[in-house]
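Source file: coords-v7.txt. Holds: compact mmCIF, C-alpha atoms.
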# COMPACT_ATOMS: atom_id res chain seq x y z
CA MET C 1 -24.01 39.62 -59.16
CA ASN C 2 -27.38 40.24 -57.51
CA CYS C 3 -28.67 43.35 -55.70
CA GLN C 4 -28.03 42.01 -52.15
CA VAL C 5 -24.32 41.39 -52.84
CA VAL C 6 -23.90 44.79 -54.48
CA GLN C 7 -25.53 46.58 -51.55
CA ARG C 8 -23.35 44.70 -48.99
CA ARG C 9 -20.20 45.60 -50.91
CA LEU C 10 -21.27 49.25 -51.02
CA LEU C 11 -21.78 49.19 -47.23
CA GLY C 12 -18.31 47.75 -46.81
CA THR C 13 -16.53 50.42 -48.84
CA GLU C 14 -14.81 53.27 -47.06
CA ASN C 15 -16.33 55.85 -49.39
CA PRO C 16 -19.61 54.86 -51.12
CA ALA C 17 -19.24 57.81 -53.49
CA LEU C 18 -16.38 55.92 -55.18
CA VAL C 19 -18.00 52.81 -56.69
CA PRO C 20 -15.69 49.80 -57.16
CA VAL C 21 -15.18 48.82 -60.85
CA GLU C 22 -16.82 45.35 -60.55
CA LEU C 23 -20.09 46.92 -59.26
CA ARG C 24 -20.42 49.62 -61.92
CA ASP C 25 -22.16 47.41 -64.59
CA HIS C 26 -24.84 46.27 -62.16
CA LEU C 27 -25.40 49.77 -60.80
CA ALA C 28 -25.75 51.20 -64.34
CA ASP C 29 -28.64 48.80 -65.10
CA CYS C 30 -30.36 48.44 -61.68
CA SER C 31 -32.56 51.39 -60.69
CA SER C 32 -33.31 49.90 -57.25
CA CYS C 33 -29.59 49.72 -56.37
CA GLN C 34 -29.09 53.23 -57.71
CA GLU C 35 -31.85 54.45 -55.37
CA TRP C 36 -30.33 52.49 -52.44
CA ARG C 37 -26.87 54.01 -53.12
CA SER C 38 -28.24 57.56 -53.26
CA GLN C 39 -29.89 56.95 -49.84
CA LEU C 40 -26.59 55.67 -48.49
CA LEU C 41 -24.74 58.74 -49.77
CA LEU C 42 -27.36 60.98 -48.18
CA ILE C 43 -26.88 59.31 -44.78
CA GLU C 44 -23.13 59.46 -45.15
CA ARG C 45 -23.26 63.21 -45.83
CA HIS C 46 -25.42 63.88 -42.78
CA VAL C 47 -23.46 61.83 -40.28
CA PRO C 48 -21.03 64.68 -39.43
CA LEU C 49 -24.02 66.89 -38.64
CA LEU C 50 -25.38 64.59 -35.93
CA PRO C 51 -25.03 66.03 -32.36
CA ILE C 52 -22.38 64.29 -30.28
CA PRO C 53 -23.66 63.16 -26.84
CA ARG C 54 -21.68 64.31 -23.75
CA SER C 55 -19.09 61.73 -22.90
CA ARG C 56 -17.35 60.60 -19.76
CA GLY C 57 -14.89 58.82 -21.91
CA LYS C 58 -11.82 60.39 -20.32
CA ALA C 59 -12.87 59.39 -16.83
CA ARG C 60 -13.75 55.90 -18.05
CA LEU C 61 -10.45 55.57 -19.81
CA LEU C 62 -8.55 56.48 -16.64
CA PHE C 63 -10.73 54.05 -14.71
CA ARG C 64 -9.96 51.31 -17.21
CA ILE C 65 -6.24 52.00 -16.93
CA LEU C 66 -6.40 51.82 -13.14
CA GLN C 67 -8.58 48.73 -13.25
CA ALA C 68 -6.46 47.02 -15.87
CA GLY C 69 -6.48 43.30 -15.42
CA GLU C 70 -9.97 43.23 -13.97
CA LYS C 71 -13.12 42.48 -15.95
CA ALA C 72 -13.76 45.07 -18.65
CA PRO C 73 -16.66 47.37 -17.69
CA THR C 74 -19.68 47.86 -19.88
CA VAL C 75 -20.37 51.35 -21.10
CA ALA C 76 -23.91 52.04 -20.02
CA GLY C 77 -25.87 54.69 -21.86
CA ASP C 78 -23.68 54.61 -24.92
CA PRO C 79 -25.42 54.94 -28.27
CA ASP C 80 -24.16 51.50 -29.18
CA GLY C 81 -26.32 49.94 -26.46
CA GLY C 82 -23.78 49.22 -23.75
CA SER C 83 -21.22 47.20 -25.60
CA PRO C 84 -18.34 45.84 -23.58
CA VAL C 85 -15.38 48.16 -23.46
CA PRO C 86 -12.18 46.66 -24.79
CA ARG C 87 -9.79 45.93 -22.00
CA LEU C 88 -6.70 48.06 -21.62
CA ALA C 89 -3.91 46.60 -19.57
CA LEU C 90 -0.57 48.02 -18.59
CA ARG C 91 2.35 45.76 -19.02
CA PRO C 92 3.92 44.62 -15.73
CA GLY C 93 6.58 47.10 -14.73
CA HIS C 94 5.22 49.74 -17.08
CA ARG C 95 5.40 53.28 -15.68
CA PHE C 96 3.80 56.50 -16.81
CA PRO C 97 5.94 58.16 -19.40
CA GLY C 98 8.36 60.65 -17.92
CA TRP C 99 8.22 59.23 -14.36
CA SER C 100 11.15 56.93 -15.03
CA ARG C 101 13.24 59.94 -15.97
CA VAL C 102 12.72 61.51 -12.49
CA PRO C 103 15.66 60.68 -10.19
CA HIS C 104 15.01 58.65 -7.03
CA TRP C 105 15.98 61.44 -4.64
CA ALA C 106 13.54 63.80 -6.34
CA ARG C 107 10.75 61.25 -5.96
CA GLY C 108 11.56 60.95 -2.23
CA VAL C 109 11.50 64.70 -1.78
CA ALA C 110 8.22 64.94 -3.68
CA ALA C 111 6.66 62.24 -1.50
CA ALA C 112 7.95 63.94 1.68
CA ALA C 113 6.60 67.29 0.53
CA ALA C 114 3.22 65.69 -0.15
CA ILE C 115 3.16 64.12 3.33
CA VAL C 116 4.17 67.39 5.02
CA LEU C 117 1.49 69.23 3.07
CA CYS C 118 -1.14 66.66 4.07
CA LEU C 119 -0.13 66.88 7.75
CA LEU C 120 -0.19 70.66 7.67
CA VAL C 121 -3.60 70.76 6.02
CA GLY C 122 -4.90 68.14 8.46
CA TRP C 123 -3.55 70.03 11.45
CA LEU C 124 -5.04 73.30 10.25
CA ALA C 125 -8.37 71.63 9.62
CA PHE C 126 -8.63 69.85 12.97
CA ARG C 127 -6.78 72.33 15.22
CA ALA C 128 -9.81 74.49 15.80
CA PRO C 129 -13.44 73.78 15.01
CA PRO C 130 -14.91 75.96 12.29
CA GLY C 131 -16.23 79.51 12.46
CA SER C 132 -18.96 79.19 15.03
CA PHE C 133 -16.39 78.66 17.79
CA THR C 134 -15.12 82.18 17.49
CA GLN C 135 -15.87 84.30 20.46
CA PRO C 136 -17.20 87.82 20.14
CA ASP C 137 -13.74 89.09 21.13
CA GLY C 138 -12.26 87.22 18.17
CA HIS C 139 -10.36 84.57 20.15
CA SER C 140 -10.81 80.95 19.19
CA ARG C 141 -11.53 78.57 22.02
CA PRO C 142 -12.50 74.95 22.61
CA ALA C 143 -16.24 74.36 22.44
CA GLU C 144 -16.67 73.28 26.04
CA ASP C 145 -14.96 74.03 29.31
CA PRO C 146 -13.88 70.60 30.61
CA LEU C 147 -13.47 71.92 34.16
CA VAL C 148 -17.08 73.16 34.34
CA ALA C 149 -18.33 69.94 32.72
CA ALA C 150 -16.39 67.76 35.20
CA LEU C 151 -17.56 69.76 38.22
CA LEU C 152 -21.17 69.62 37.06
CA GLN C 153 -20.99 65.86 36.57
CA CYS C 154 -19.63 65.53 40.08
CA ASP C 155 -22.46 67.68 41.44
CA LEU C 156 -25.07 65.64 39.59
CA ARG C 157 -23.71 62.46 41.10
CA LEU C 158 -23.65 64.12 44.52
CA ALA C 159 -27.30 65.05 44.03
CA LYS C 160 -28.08 61.34 43.73
CA ALA C 161 -25.57 59.94 46.22
CA ALA C 162 -27.27 57.93 48.90
CA SER C 163 -24.50 57.12 51.39
CA SER C 164 -21.77 59.00 53.27
CA ARG C 165 -19.21 56.78 51.62
CA GLU C 166 -20.39 57.72 48.13
CA ARG C 167 -20.48 61.41 49.01
CA LEU C 168 -17.01 61.29 50.51
CA GLU C 169 -15.63 59.64 47.39
CA LEU C 170 -17.32 62.20 45.16
CA LEU C 171 -16.02 65.10 47.22
CA THR C 172 -12.54 63.65 46.95
CA GLU C 173 -13.04 63.51 43.19
CA LEU C 174 -14.18 67.15 43.26
CA ALA C 175 -10.99 68.14 45.09
CA GLN C 176 -8.96 66.12 42.61
CA ILE C 177 -10.56 67.92 39.65
CA LEU C 178 -9.56 71.26 41.17
CA GLN C 179 -6.03 70.10 41.89
CA GLU C 180 -5.63 68.86 38.31
CA ALA C 181 -6.54 72.31 37.01
CA SER C 182 -3.58 73.89 38.81
CA PRO C 183 -0.73 73.02 36.33
CA THR C 184 -2.49 74.95 33.56
CA LEU C 185 -2.68 78.03 35.75
CA VAL C 186 0.95 77.58 36.83
CA GLN C 187 2.08 77.45 33.19
CA ALA C 188 0.12 80.59 32.46
CA ASP C 189 1.64 82.35 35.52
CA ALA C 190 -1.87 83.13 36.73
CA ASP C 191 -1.06 83.48 40.43
CA ALA C 192 -4.31 85.27 41.37
CA ASP C 193 -6.37 82.53 39.68
CA LEU C 194 -4.25 79.90 41.36
CA GLU C 195 -5.01 81.57 44.69
CA SER C 196 -8.75 81.30 43.97
CA LEU C 197 -8.35 77.66 42.97
CA ALA C 198 -6.44 76.87 46.17
CA ARG C 199 -9.19 78.56 48.20
CA LEU C 200 -11.84 76.40 46.54
CA TYR C 201 -9.73 73.28 47.14
CA LYS C 202 -9.43 74.14 50.82
CA GLN C 203 -13.18 74.69 51.02
CA VAL C 204 -13.89 71.23 49.59
CA VAL C 205 -11.51 69.60 52.08
CA HIS C 206 -12.64 71.58 55.14
CA ASP C 207 -16.37 71.88 54.53
CA GLY C 208 -16.89 68.75 52.49
CA ILE C 209 -14.46 65.90 53.00
CA LEU C 210 -13.83 66.25 56.72
CA PRO C 211 -17.49 66.51 57.87
CA GLN C 212 -18.45 63.62 55.56
CA ALA C 213 -15.61 61.51 56.94
CA LEU C 214 -17.09 61.92 60.39
CA GLY C 215 -20.38 60.55 59.06
CA VAL C 216 -18.84 57.30 57.82
CA PRO C 217 -19.80 54.45 60.15
CA ALA C 218 -16.89 53.22 62.30
CA ALA C 219 -17.04 49.76 60.72
CA GLU C 220 -16.49 51.17 57.23
CA ARG C 221 -13.89 53.76 58.08
CA ARG C 222 -10.82 51.68 57.34
CA LEU C 223 -12.11 50.68 53.95
CA VAL C 224 -13.45 54.12 52.99
CA LEU C 225 -11.09 56.62 54.62
CA ARG C 226 -7.77 55.05 53.76
CA PRO C 227 -7.94 55.57 49.96
CA VAL C 228 -9.15 59.14 50.49
CA ALA C 229 -6.28 59.83 52.91
CA GLU C 230 -3.80 58.37 50.44
CA ARG C 231 -5.12 60.53 47.66
CA LEU C 232 -4.88 63.65 49.82
CA SER C 233 -1.36 62.67 50.77
CA ARG C 234 -0.41 62.33 47.09
CA THR C 235 -1.92 65.74 46.34
CA GLU C 236 0.08 67.22 49.21
CA ARG C 237 3.35 65.83 47.82
CA MET C 238 2.61 66.91 44.25
CA ALA C 239 1.47 70.42 45.16
CA GLU C 240 4.44 70.88 47.49
CA ARG C 241 6.94 69.71 44.86
CA LEU C 242 5.43 71.93 42.20
CA GLY C 243 5.14 74.87 44.63
CA GLN C 244 8.85 74.74 45.36
CA ARG C 245 9.84 74.71 41.71
CA VAL C 246 7.83 77.72 40.50
CA PRO C 247 8.17 81.44 41.34
CA VAL C 248 6.97 82.51 44.79
CA ALA C 249 3.80 84.18 43.50
CA CYS C 250 2.56 80.90 42.02
CA GLY C 251 4.23 78.74 44.64
CA LYS C 252 2.35 80.20 47.59
CA PRO C 253 -1.15 79.09 46.51
CA LEU C 254 0.23 75.66 45.68
CA LEU C 255 1.73 75.37 49.14
CA ASN C 256 -1.65 76.45 50.58
CA MET C 257 -3.25 73.66 48.62
CA ALA C 258 -0.65 71.24 49.94
CA ALA C 259 -1.34 72.44 53.51
CA ALA C 260 -5.09 71.86 53.09
CA ALA C 261 -4.42 68.36 51.72
CA ARG C 262 -2.05 67.63 54.64
CA GLU C 263 -4.62 68.79 57.17
CA GLY C 264 -7.17 66.54 55.48
CA HIS C 265 -5.13 63.38 55.45
CA LEU C 266 -3.87 63.93 59.02
CA PHE C 267 -7.48 64.26 60.18
CA LEU C 268 -8.46 61.09 58.34
CA HIS C 269 -5.48 59.24 59.82
CA SER C 270 -6.55 60.36 63.26
CA LEU C 271 -10.02 58.96 62.59
CA LEU C 272 -8.45 55.72 61.40
CA THR C 273 -6.26 55.33 64.49
CA GLU C 274 -9.23 56.28 66.66
CA GLY C 275 -11.09 53.40 65.07
CA LYS C 276 -8.24 51.02 65.87
CA GLN C 277 -8.24 51.97 69.53
CA MET Y 1 18.78 54.16 -2.72
CA LYS Y 2 15.24 52.84 -2.26
CA ARG Y 3 16.08 51.81 1.32
CA TRP Y 4 17.09 55.34 2.22
CA VAL Y 5 13.90 56.96 1.05
CA PRO Y 6 11.78 55.94 4.12
CA LEU Y 7 14.60 57.09 6.44
CA LEU Y 8 14.74 60.43 4.68
CA LEU Y 9 11.00 60.77 5.17
CA VAL Y 10 11.12 60.29 8.97
CA PRO Y 11 12.22 63.83 9.90
CA PHE Y 12 9.80 65.27 7.37
CA VAL Y 13 6.98 63.46 9.13
CA LEU Y 14 8.06 63.86 12.76
CA VAL Y 15 9.08 67.51 12.72
CA PRO Y 16 5.68 68.89 11.63
CA ILE Y 17 3.92 66.64 14.16
CA GLY Y 18 6.15 67.91 16.94
CA LEU Y 19 5.72 71.51 15.88
CA ALA Y 20 1.97 71.07 15.64
CA GLN Y 21 1.78 69.60 19.14
CA ASP Y 22 3.89 72.41 20.59
CA ALA Y 23 1.76 74.99 18.88
CA ALA Y 24 -1.40 73.29 20.13
CA ASN Y 25 -0.07 73.22 23.71
CA LEU Y 26 0.97 76.84 23.56
CA SER Y 27 -2.39 77.91 22.24
CA GLU Y 28 -4.27 75.69 24.70
CA HIS Y 29 -2.98 77.35 27.88
CA PRO Y 30 -4.27 80.84 27.16
CA ASP Y 31 -7.58 79.30 26.11
CA ARG Y 32 -7.89 77.32 29.32
CA LEU Y 33 -6.87 80.35 31.37
CA ARG Y 34 -9.47 82.51 29.62
CA GLN Y 35 -12.08 79.83 30.24
CA PHE Y 36 -11.14 79.62 33.91
CA GLN Y 37 -11.32 83.37 34.37
CA ARG Y 38 -14.58 83.74 32.51
CA ASN Y 39 -16.21 80.75 34.23
CA TYR Y 40 -14.84 81.42 37.70
CA ALA Y 41 -18.21 82.50 39.15
CA LEU Y 42 -19.78 79.32 37.78
CA ILE Y 43 -16.88 77.17 39.00
CA GLU Y 44 -17.25 78.66 42.48
CA SER Y 45 -21.01 77.98 42.46
CA LEU Y 46 -20.45 74.40 41.31
CA VAL Y 47 -17.84 73.71 44.00
CA GLN Y 48 -19.90 75.25 46.79
CA GLY Y 49 -23.02 73.62 45.39
CA GLY Y 50 -21.27 70.26 45.45
CA VAL Y 51 -20.29 70.71 49.10
CA ARG Y 52 -23.87 71.70 49.98
CA LEU Y 53 -25.35 68.81 48.03
CA ALA Y 54 -23.09 66.42 49.92
CA ALA Y 55 -24.35 67.83 53.22
CA ALA Y 56 -28.02 67.67 52.24
CA ASN Y 57 -29.80 64.55 53.40
CA GLN Y 58 -33.30 65.27 52.14
CA PRO Y 59 -34.28 65.23 48.47
CA LEU Y 60 -36.08 68.56 48.75
CA GLN Y 61 -32.96 70.17 50.22
CA ARG Y 62 -31.01 68.87 47.24
CA VAL Y 63 -33.62 70.30 44.90
CA GLU Y 64 -33.10 73.69 46.54
CA HIS Y 65 -29.36 73.47 45.97
CA CYS Y 66 -29.94 72.39 42.37
CA ILE Y 67 -32.20 75.41 41.87
CA ALA Y 68 -29.40 77.63 43.21
CA LEU Y 69 -27.09 76.07 40.62
CA LEU Y 70 -29.73 76.59 37.96
CA ARG Y 71 -29.79 80.29 38.82
CA SER Y 72 -26.01 80.49 38.39
CA LEU Y 73 -26.31 78.80 35.00
CA ARG Y 74 -29.18 81.11 34.07
CA ASP Y 75 -27.05 84.19 34.80
CA GLU Y 76 -24.18 82.85 32.69
CA LEU Y 77 -26.50 81.83 29.88
CA ARG Y 78 -28.17 85.24 29.92
CA GLN Y 79 -24.75 86.88 29.57
CA ALA Y 80 -23.68 84.51 26.80
CA ALA Y 81 -26.91 85.12 24.87
CA HIS Y 82 -26.45 88.86 25.31
CA ASP Y 83 -22.88 88.61 24.00
CA GLY Y 84 -24.04 86.53 21.04
CA ASP Y 85 -21.72 83.67 22.04
CA GLY Y 86 -23.71 80.85 20.45
CA PRO Y 87 -21.52 77.85 21.34
CA ARG Y 88 -21.44 78.91 24.97
CA VAL Y 89 -25.23 79.30 24.98
CA VAL Y 90 -25.58 75.72 23.74
CA GLU Y 91 -23.00 74.44 26.24
CA LEU Y 92 -24.79 76.09 29.15
CA ALA Y 93 -28.22 74.99 27.91
CA LYS Y 94 -26.99 71.40 27.92
CA HIS Y 95 -25.80 71.86 31.51
CA VAL Y 96 -29.24 73.24 32.41
CA ARG Y 97 -30.86 70.19 30.87
CA SER Y 98 -28.57 67.81 32.79
CA LEU Y 99 -29.26 69.65 36.02
CA LEU Y 100 -33.03 69.62 35.46
CA HIS Y 101 -33.12 65.94 34.50
CA GLU Y 102 -30.54 64.39 36.80
CA GLY Y 103 -30.58 66.83 39.71
CA VAL Y 104 -34.06 68.30 40.00
CA VAL Y 105 -36.41 65.70 38.50
CA THR Y 106 -34.65 62.76 40.17
CA ASN Y 107 -34.89 64.33 43.61
CA LEU Y 108 -38.43 65.61 43.08
CA GLU Y 109 -39.47 62.07 42.15
CA LEU Y 110 -37.81 60.78 45.27
CA ALA Y 111 -39.44 63.49 47.38
CA ARG Y 112 -42.85 62.75 45.87
CA GLN Y 113 -42.53 59.05 46.71
CA ARG Y 114 -41.47 59.81 50.28
CA LEU Y 115 -44.11 62.45 50.86
CA VAL Y 116 -47.05 60.20 50.09
CA GLY Y 117 -49.35 60.53 53.08
CA GLU Y 118 -47.54 63.56 54.47
CA PRO Y 119 -49.68 66.49 53.35
CA ALA Y 120 -47.76 68.90 55.58
CA LEU Y 121 -44.74 68.62 53.29
CA ASP Y 122 -46.70 68.93 50.06
CA GLY Y 123 -46.22 72.69 50.20
CA HIS Y 124 -42.44 72.25 50.05
CA LEU Y 125 -42.73 70.04 47.00
CA THR Y 126 -45.00 72.59 45.32
CA ASP Y 127 -42.55 75.37 46.12
CA ALA Y 128 -39.66 73.35 44.72
CA LEU Y 129 -41.57 72.59 41.51
CA GLN Y 130 -42.65 76.17 41.06
CA GLY Y 131 -39.14 77.46 41.78
CA THR Y 132 -37.69 75.14 39.16
CA LEU Y 133 -40.26 76.02 36.54
CA ARG Y 134 -39.80 79.72 37.20
CA VAL Y 135 -36.07 79.52 36.43
CA ALA Y 136 -36.75 77.42 33.32
CA TYR Y 137 -39.35 79.91 32.03
CA GLU Y 138 -37.02 82.82 32.71
CA LEU Y 139 -34.34 81.12 30.67
CA GLU Y 140 -36.68 80.42 27.78
CA GLN Y 141 -37.95 84.01 27.79
CA GLU Y 142 -34.39 85.29 27.80
CA ILE Y 143 -33.46 83.15 24.81
CA GLN Y 144 -36.70 84.06 23.04
CA SER Y 145 -36.02 87.76 23.41
CA GLN Y 146 -32.44 87.33 22.15
CA MET Y 147 -33.77 85.39 19.16
CA GLY Y 148 -35.91 88.42 18.36
CA ILE Y 149 -32.77 90.55 18.24
CA ARG Y 150 -30.48 88.14 16.40
CA PRO Y 151 -31.87 84.82 15.26
CA ALA Y 152 -29.20 82.14 15.54
CA VAL Y 153 -29.22 78.38 15.24
CA GLU Y 154 -27.50 78.04 18.60
CA LEU Y 155 -30.27 79.97 20.34
CA MET Y 156 -32.88 77.74 18.73
CA VAL Y 157 -31.00 74.64 19.88
CA ALA Y 158 -30.70 76.02 23.41
CA GLN Y 159 -34.41 76.91 23.43
CA HIS Y 160 -35.33 73.39 22.34
CA VAL Y 161 -33.01 71.74 24.88
CA ILE Y 162 -34.40 73.76 27.80
CA GLN Y 163 -38.03 73.38 26.65
CA GLU Y 164 -37.61 69.62 26.54
CA ALA Y 165 -36.20 69.52 30.08
CA ARG Y 166 -38.84 71.92 31.37
CA LYS Y 167 -41.58 69.65 30.00
CA ALA Y 168 -40.18 66.78 32.08
CA VAL Y 169 -40.57 68.95 35.19
CA GLU Y 170 -44.10 69.92 34.13
CA ASP Y 171 -45.04 66.27 33.66
CA LEU Y 172 -43.84 65.60 37.17
CA ALA Y 173 -45.77 68.61 38.44
CA ARG Y 174 -48.97 67.26 36.88
CA LEU Y 175 -48.46 63.97 38.68
CA SER Y 176 -47.65 65.62 41.99
CA LEU Y 177 -50.16 68.45 42.28
Could you write out this structure as C-alpha cells?
Amino acid sequence: MNCQVVQRRLLGTENPALVPVELRDHLADCSSCQEWRSQLLLIERHVPLLPIPRSRGKARLLFRILQAGEKAPTVAGDPDGGSPVPRLALRPGHRFPGWSRVPHWARGVAAAAAIVLCLLVGWLAFRAPPGSFTQPDGHSRPAEDPLVAALLQCDLRLAKAASSRERLELLTELAQILQEASPTLVQADADADLESLARLYKQVVHDGILPQALGVPAAERRLVLRPVAERLSRTERMAERLGQRVPVACGKPLLNMAAAAREGHLFLHSLLTEGKQ
Amino acid sequence: MKRWVPLLLVPFVLVPIGLAQDAANLSEHPDRLRQFQRNYALIESLVQGGVRLAAANQPLQRVEHCIALLRSLRDELRQAAHDGDGPRVVELAKHVRSLLHEGVVTNLELARQRLVGEPALDGHLTDALQGTLRVAYELEQEIQSQMGIRPAVELMVAQHVIQEARKAVEDLARLSL
C-alpha cells in the first residue's frame, strides 16, 4: 500500500481520527503520511469554526418547488462555484400537507373571503386619491372639476372658431354641458344652485345661440340649424319630464330650463320655415 | 361539490361591488355639489365668456375676453393658494396655461398677421400683450409669495406651468414689438 492510496482512503473516511485497521501499519512507519493526517485532522477540527455565508436557500427552495419540472437553476454565488441545484419535483396530484384535510366548503369560503378582501382593499385604495387631495376643510374631493374643465375647453374652441356655424355648434355644446350638470344638483336637492344653473342655460340660449343662428347664411341654415333645434327640443322634453317628477323647489328651475330650450327651438324652427318660404 | 363553489362565490363578488358603487355614488354627489358651489363664480365667468367669445369677430376682441377669463382664474387661484389647497392651485394653473396658449397666443398671432401694415392698430396689440403679461406676472408673484409662507410642491408646479406659458407670450411680444 503506497502513500497516495493511504491518503485517499483517509479522505474518504467519515472520521479521520479513527484510522481503519488496514492503514495502521503504513501510518506507523510513514512519517510523511503521519504529517499529512495531522494536517487533515487540523482542518477537520476548524471546519465548524468557519463563518457561514448568508443564504437565500429558503427562497430558492420555494422557487424550485414552484418551478418543478423546469430546468434546474444554478446557484450563483455559492461557495461551491455555482453547481447545478438538484431538481425537486412534486408528484402529479401531490398537494401540500394538510390542505387535503380541509373540506371543500371551507376552501370555497376561504377563496371567497380572499376575493372580498381584495375587492375591499382595491376599492379603498382607488376610491379616493391619496392625501394631497384633502381640502383644508378636511373633505375629500376629486382632483378636478369636470364642469369647469368642460366649459373651459368649450371656451377655448370658441376662441378659435372661425365660422358662425362652428360657434353655434359650440354654444349648443355649452348649453348641453350645463343641462347635463342638472341631475347632480337635483339629487342633492340644491334648488338654489339649480336656479343659478337654469339662469346660465337661459343666457346661453338667449344671448348666444339665437343671435348666432341669425348669422348663419340662409343656404346653410337647414343643415346647421336643424340639429341644434332637435337638441334643444330633446333638452326641453328631458328637463320638463324631470321637473315634473321632483319636488316643486327643484322642479321650477328645471321647467325654466325647459322653457328656455323651447323658446330656442321654436325660434330656430321659425328661421327654418322662413328659409323655406 | 366543485361545481357549486363558483356559484357560491358569485354573491360574495357581486355584493361588495354593488355596495362600493352605491357608496361611490353617494359620496360623489356632495362632492360635485361642493365643487359647483365653490366654482360658481368661475362657472359663471366661463359661460358668459363663452357667449362673448362667440360674439367677437376680431382676434383682439377675443384676446380681451380671454384676459377677462384669465382674471377670473387669477382670483380663484389666489384664493386657492391662500387656502393652501395645492391640488386646486395646480388645476387652475393648468387652466391658465391652456387659456394663455390656446386662447391668447393663438389670437395674438392671428392679430399680428392681420395687422401687418396697419400701424394704427399696433397700439391695441401692444395693450393686449401687456394686459396678458400683467395678469401672468401677478399670478406668479402671488404664487411666489405663498411659497415664501408655505413651500409646497403644488405651488412649485403651478409656478412652473404659468412661467412656461408666460414665456410663450413674451416670445410673441418680442416678435411683435
What's around Arg262 (chain C) at 7 Å? Count only C-alpha atoms, leave out sequence neighbours fewer than 6 positions away in its own chain, and write the answer as a VMD selection string.
chain C and resid 232 to 233 236
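Counting all atoms listed in the file, every residue of chain C that comes within 6 Å of chain Y is listed here: C:Gly108, C:Ala112, C:Arg141, C:Asp155, C:Leu156, C:Leu158, C:Ala159, C:Arg167, C:Gly208.
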Store the residues of this selection in a file with C-alpha atoms, as a PDB file, keeping the file's coordinate frame.
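Saved result, again_19.pdb, follows:
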ATOM      1  CA  GLY C 108      11.560  60.950  -2.230  1.00  0.00           C
ATOM      2  CA  ALA C 112       7.950  63.940   1.680  1.00  0.00           C
ATOM      3  CA  ARG C 141     -11.530  78.570  22.020  1.00  0.00           C
ATOM      4  CA  ASP C 155     -22.460  67.680  41.440  1.00  0.00           C
ATOM      5  CA  LEU C 156     -25.070  65.640  39.590  1.00  0.00           C
ATOM      6  CA  LEU C 158     -23.650  64.120  44.520  1.00  0.00           C
ATOM      7  CA  ALA C 159     -27.300  65.050  44.030  1.00  0.00           C
ATOM      8  CA  ARG C 167     -20.480  61.410  49.010  1.00  0.00           C
ATOM      9  CA  GLY C 208     -16.890  68.750  52.490  1.00  0.00           C
TER      10      GLY C 208
END
Find the spatial neighbours of Glu14 (chain C), counting only C-alpha atoms, within a cut-off of 12 Å - ignore same-chain residues fewer than 5 positions away - and output them as a ChimeraX atom specification.
/C:9,19-20,41,44
Using CA of Asp193 (chain C) and CA of Ala258 (chain C) as the two end points, give the distance in Å to one decimal.
16.3 Å
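When all atoms listed in the file are used to compute distances to Asp122 (chain Y), the closest of the residues Y:Glu142, Y:Leu108, Y:Leu70, Y:Ala93 turns out to be Y:Leu108.
What separates CA of Leu268 (chain C) from CA of Asp207 (chain C) is a distance of 13.9 Å.
One finds CA of Leu10 (chain C) at 15.9 Å from CA of Asp29 (chain C).
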Show which residues sit within 12 Å of Glu230 (chain C), as an MDAnalysis selection string. Count all atoms listed in the file, and ignore same-chain residues fewer than 6 positions away.
chainID C and resid 172 222:224 236:237 261:262 264:269
Take every atom of region 225-242 of chain C listed in the file, pad by 6 Å on each side, and give me the axis-aligned box centre and edge lengths in Å, one decimal, as lines of an AutoDock Vina configuration file.
center_x = -2.1
center_y = 63.5
center_z = 48.4
size_x = 30.0
size_y = 28.9
size_z = 24.4
